[in-house]
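Read the structure below first, then the notes.
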Amino acid sequence: MFHIGHLNILKKAKEQCEHLIVGVSTDENVFNYKNKKPIIPFEERVAIVEALKYVDEVVPQTNMDKFQAWEKIKFEAIFHGDDWKGSGMYSKIERKFKDVGVDMVYFPYTKGTSSTFLADVLAQTLNETKVN
């Protein structure tokens, strides 16, 4: 679910580039890596991201392979929240991007919010509404 942390990353990314391309995960991709169906459907998530003034272009993210995306788009930098920095998956990606001259830029994680947290609060609220 889109939240202020995502907006903060997009704003900071746009400050560092002329043309910001944003990958939005397809529903299938979300299910494959999170093992759950997204609350907001892909088409609606794309519409939300396309409407943001910081975003110049939106592309579907059909898998988690960032290097495969680079092979298609040939971007010069990739931006991400620092909550992924140092993870096995992103350390490997950083090495591959370094070899082709792509900058891996991490922005500080926005404390106090996450899609998982928002989904949990929403689920709890719905459960409380059903009980009452």
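Naming works like this for the structure tokens: A, B, ... for the chains as they're shown, residue 1 at the start of each chain, ligands 1 onward in shown order.
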Next on the checklist: Quick one: residues within 9 Å of Pro38 in chain A, only C-alpha atoms, excluding same-chain residues fewer than 4 positions away - as a VMD selection string?
Outcome noted: chain A and resid 1 27 30 to 31 42
Include N, CA and C atoms and write out the residues we just selected as a tab-separated table (two decimals), in the first residue's frame.
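Output (again-v1.tsv):
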```tsv
chain	number	residue	atom	x	y	z
A	1	MET	N	0.83	-1.18	0.00
A	1	MET	CA	0.00	0.00	0.00
A	1	MET	C	0.88	1.25	0.00
A	27	ASP	N	0.35	-7.56	-9.67
A	27	ASP	CA	-0.26	-8.37	-8.61
A	27	ASP	C	0.43	-9.74	-8.50
A	30	VAL	N	3.79	-9.38	-6.70
A	30	VAL	CA	3.59	-9.21	-5.25
A	30	VAL	C	3.28	-10.56	-4.61
A	31	PHE	N	2.39	-11.31	-5.23
A	31	PHE	CA	2.03	-12.61	-4.68
A	31	PHE	C	3.24	-13.54	-4.64
A	42	PHE	N	-3.27	-3.74	-9.12
A	42	PHE	CA	-2.18	-3.19	-9.92
A	42	PHE	C	-2.59	-1.94	-10.69
```
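Close contacts of Val102 in chain A, defined as residues with an atom at most 8 Å away when counting only C-alpha atoms, with chain neighbours fewer than 6 positions off set aside, comprise Phe75, Glu76, Ala77 and Ile78 of chain A.
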Range 95-101 of chain A: which residues within 12 Å, counting only C-alpha atoms, same-chain residues fewer than 4 positions away excluded, as a CSV table (one decimal) with N, CA and C atoms, in the first residue's frame?
```
chain,number,residue,atom,x,y,z
A,65,ASP,N,13.9,-9.0,-10.3
A,65,ASP,CA,15.2,-8.9,-10.9
A,65,ASP,C,15.5,-7.5,-11.4
A,66,LYS,N,16.1,-6.7,-10.6
A,66,LYS,CA,16.4,-5.3,-11.0
A,66,LYS,C,17.3,-5.2,-12.1
A,67,PHE,N,18.2,-6.1,-12.2
A,67,PHE,CA,19.2,-6.1,-13.4
A,67,PHE,C,18.5,-6.4,-14.7
A,68,GLN,N,17.5,-7.2,-14.7
A,68,GLN,CA,16.7,-7.5,-15.9
A,68,GLN,C,16.0,-6.2,-16.3
A,69,ALA,N,15.5,-5.5,-15.3
A,69,ALA,CA,14.9,-4.2,-15.6
A,69,ALA,C,15.9,-3.2,-16.3
A,70,TRP,N,17.1,-3.2,-15.7
A,70,TRP,CA,18.1,-2.3,-16.3
A,70,TRP,C,18.5,-2.7,-17.7
A,71,GLU,N,18.5,-4.0,-18.0
A,71,GLU,CA,18.8,-4.5,-19.4
A,71,GLU,C,17.8,-3.9,-20.4
A,74,LYS,N,18.0,0.6,-19.2
A,74,LYS,CA,19.3,1.2,-19.2
A,74,LYS,C,19.3,2.5,-18.4
A,75,PHE,N,18.8,2.4,-17.1
A,75,PHE,CA,18.8,3.6,-16.2
A,75,PHE,C,20.2,3.8,-15.7
A,76,GLU,N,20.5,5.0,-15.2
A,76,GLU,CA,21.8,5.3,-14.7
A,76,GLU,C,21.9,5.2,-13.1
A,77,ALA,N,20.8,5.2,-12.5
A,77,ALA,CA,20.7,5.1,-11.0
A,77,ALA,C,19.5,4.3,-10.6
A,78,ILE,N,19.5,3.7,-9.5
A,78,ILE,CA,18.4,3.0,-8.9
A,78,ILE,C,18.2,3.5,-7.5
A,86,GLY,N,22.1,-3.8,2.6
A,86,GLY,CA,22.9,-4.8,3.3
A,86,GLY,C,22.2,-6.2,3.2
A,88,GLY,N,21.0,-9.7,1.6
A,88,GLY,CA,21.6,-10.5,0.6
A,88,GLY,C,21.3,-10.2,-0.8
A,89,MET,N,20.0,-10.0,-1.1
A,89,MET,CA,19.5,-9.8,-2.4
A,89,MET,C,20.1,-8.4,-2.9
A,90,TYR,N,20.0,-7.4,-2.1
A,90,TYR,CA,20.5,-6.1,-2.6
A,90,TYR,C,22.0,-6.0,-2.6
A,91,SER,N,22.7,-6.7,-1.8
A,91,SER,CA,24.2,-6.7,-1.9
A,91,SER,C,24.6,-7.3,-3.2
A,105,VAL,N,21.4,4.1,-5.0
A,105,VAL,CA,21.2,5.1,-4.0
A,105,VAL,C,20.1,4.7,-3.0
```
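Residues in contact range of Glu43 in chain A, defined as at most 12 Å between only C-alpha atoms, with sequence neighbours fewer than 6 positions away removed, read Val24, Ser25, Thr26, Asp27, Val49, Glu50, Val58, Val59 and Pro60 of chain A.
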File of the preceding selection, C-alpha atoms, as an mmCIF file, in the first residue's frame:
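Saved to again35.cif:
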```
data_model
loop_
_atom_site.group_PDB
_atom_site.id
_atom_site.type_symbol
_atom_site.label_atom_id
_atom_site.label_comp_id
_atom_site.auth_asym_id
_atom_site.auth_seq_id
_atom_site.Cartn_x
_atom_site.Cartn_y
_atom_site.Cartn_z
ATOM 1 C CA VAL A 24 5.079 -0.802 -9.896
ATOM 2 C CA SER A 25 4.876 -4.485 -9.026
ATOM 3 C CA THR A 26 2.187 -6.467 -10.794
ATOM 4 C CA ASP A 27 -0.260 -8.371 -8.613
ATOM 5 C CA VAL A 49 1.868 6.577 -8.981
ATOM 6 C CA GLU A 50 1.294 8.095 -12.444
ATOM 7 C CA VAL A 58 5.603 4.068 -14.769
ATOM 8 C CA VAL A 59 6.565 0.563 -15.871
ATOM 9 C CA PRO A 60 5.248 -2.780 -14.637
#
```
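In this comparison, which uses only C-alpha atoms, the residue of A:Ile39, A:Thr62, A:Arg45, A:Tyr106 approaching Phe79 in chain A most closely is A:Tyr106.
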Checklist entry - If we count only C-alpha atoms, what is near Asp82 in chain A at a cut-off of 7 Å, once residues fewer than 3 positions away on the same chain are taken out, given as a PyMOL selection string? => result chain A and resi 85+106-109
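Relative to CA of Ala51 in chain A, CA of Cys17 in chain A is found at 18.1 Å.
Proximity to Lys14 in chain A was assessed for A:Glu44, A:Asn35, A:Thr125, A:Asp56 counting only C-alpha atoms; the smallest distance is recorded for A:Asp56.
Atom to atom, CA of Lys53 in chain A and CA of Phe2 in chain A stand 15.0 Å apart.
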Checklist entry - Mind checking DSSP for range 6-58 of chain A and telling me the strand (DSSP E) residues as a ChimeraX atom specification? => result /A:21-25,57-58
Just to be explicit: take each residue in the selection above, keep N, CA and C atoms, and write the result as a PDB file, in the first residue's frame.
```pdb
ATOM      1  N   ILE A  21      11.684   7.076 -13.645  1.00  0.00           N
ATOM      2  CA  ILE A  21      10.888   5.917 -14.047  1.00  0.00           C
ATOM      3  C   ILE A  21      10.636   5.096 -12.789  1.00  0.00           C
ATOM      4  N   VAL A  22       9.374   4.757 -12.540  1.00  0.00           N
ATOM      5  CA  VAL A  22       9.008   4.007 -11.344  1.00  0.00           C
ATOM      6  C   VAL A  22       8.417   2.663 -11.747  1.00  0.00           C
ATOM      7  N   GLY A  23       8.958   1.609 -11.171  1.00  0.00           N
ATOM      8  CA  GLY A  23       8.399   0.281 -11.381  1.00  0.00           C
ATOM      9  C   GLY A  23       7.335   0.002 -10.341  1.00  0.00           C
ATOM     10  N   VAL A  24       6.159  -0.409 -10.790  1.00  0.00           N
ATOM     11  CA  VAL A  24       5.079  -0.802  -9.896  1.00  0.00           C
ATOM     12  C   VAL A  24       4.890  -2.310 -10.065  1.00  0.00           C
ATOM     13  N   SER A  25       4.994  -3.024  -8.969  1.00  0.00           N
ATOM     14  CA  SER A  25       4.876  -4.485  -9.026  1.00  0.00           C
ATOM     15  C   SER A  25       3.487  -4.919  -9.470  1.00  0.00           C
ATOM     16  N   GLU A  57       7.410   8.447 -15.573  1.00  0.00           N
ATOM     17  CA  GLU A  57       7.018   7.245 -16.310  1.00  0.00           C
ATOM     18  C   GLU A  57       6.833   6.094 -15.320  1.00  0.00           C
ATOM     19  N   VAL A  58       5.849   5.251 -15.595  1.00  0.00           N
ATOM     20  CA  VAL A  58       5.603   4.068 -14.769  1.00  0.00           C
ATOM     21  C   VAL A  58       5.719   2.835 -15.651  1.00  0.00           C
TER      22      VAL A  58
END
```
Checklist outcome for this item: CA of Asn32 in chain A sits from CA of Gln124 in chain A at a separation of 24.4 Å
Checklist outcome for this item: Judged by only C-alpha atoms, the minimum distance to Gly81 in chain A among A:Leu52, A:Met104, A:Ile93, A:Ala47 is found for A:Met104
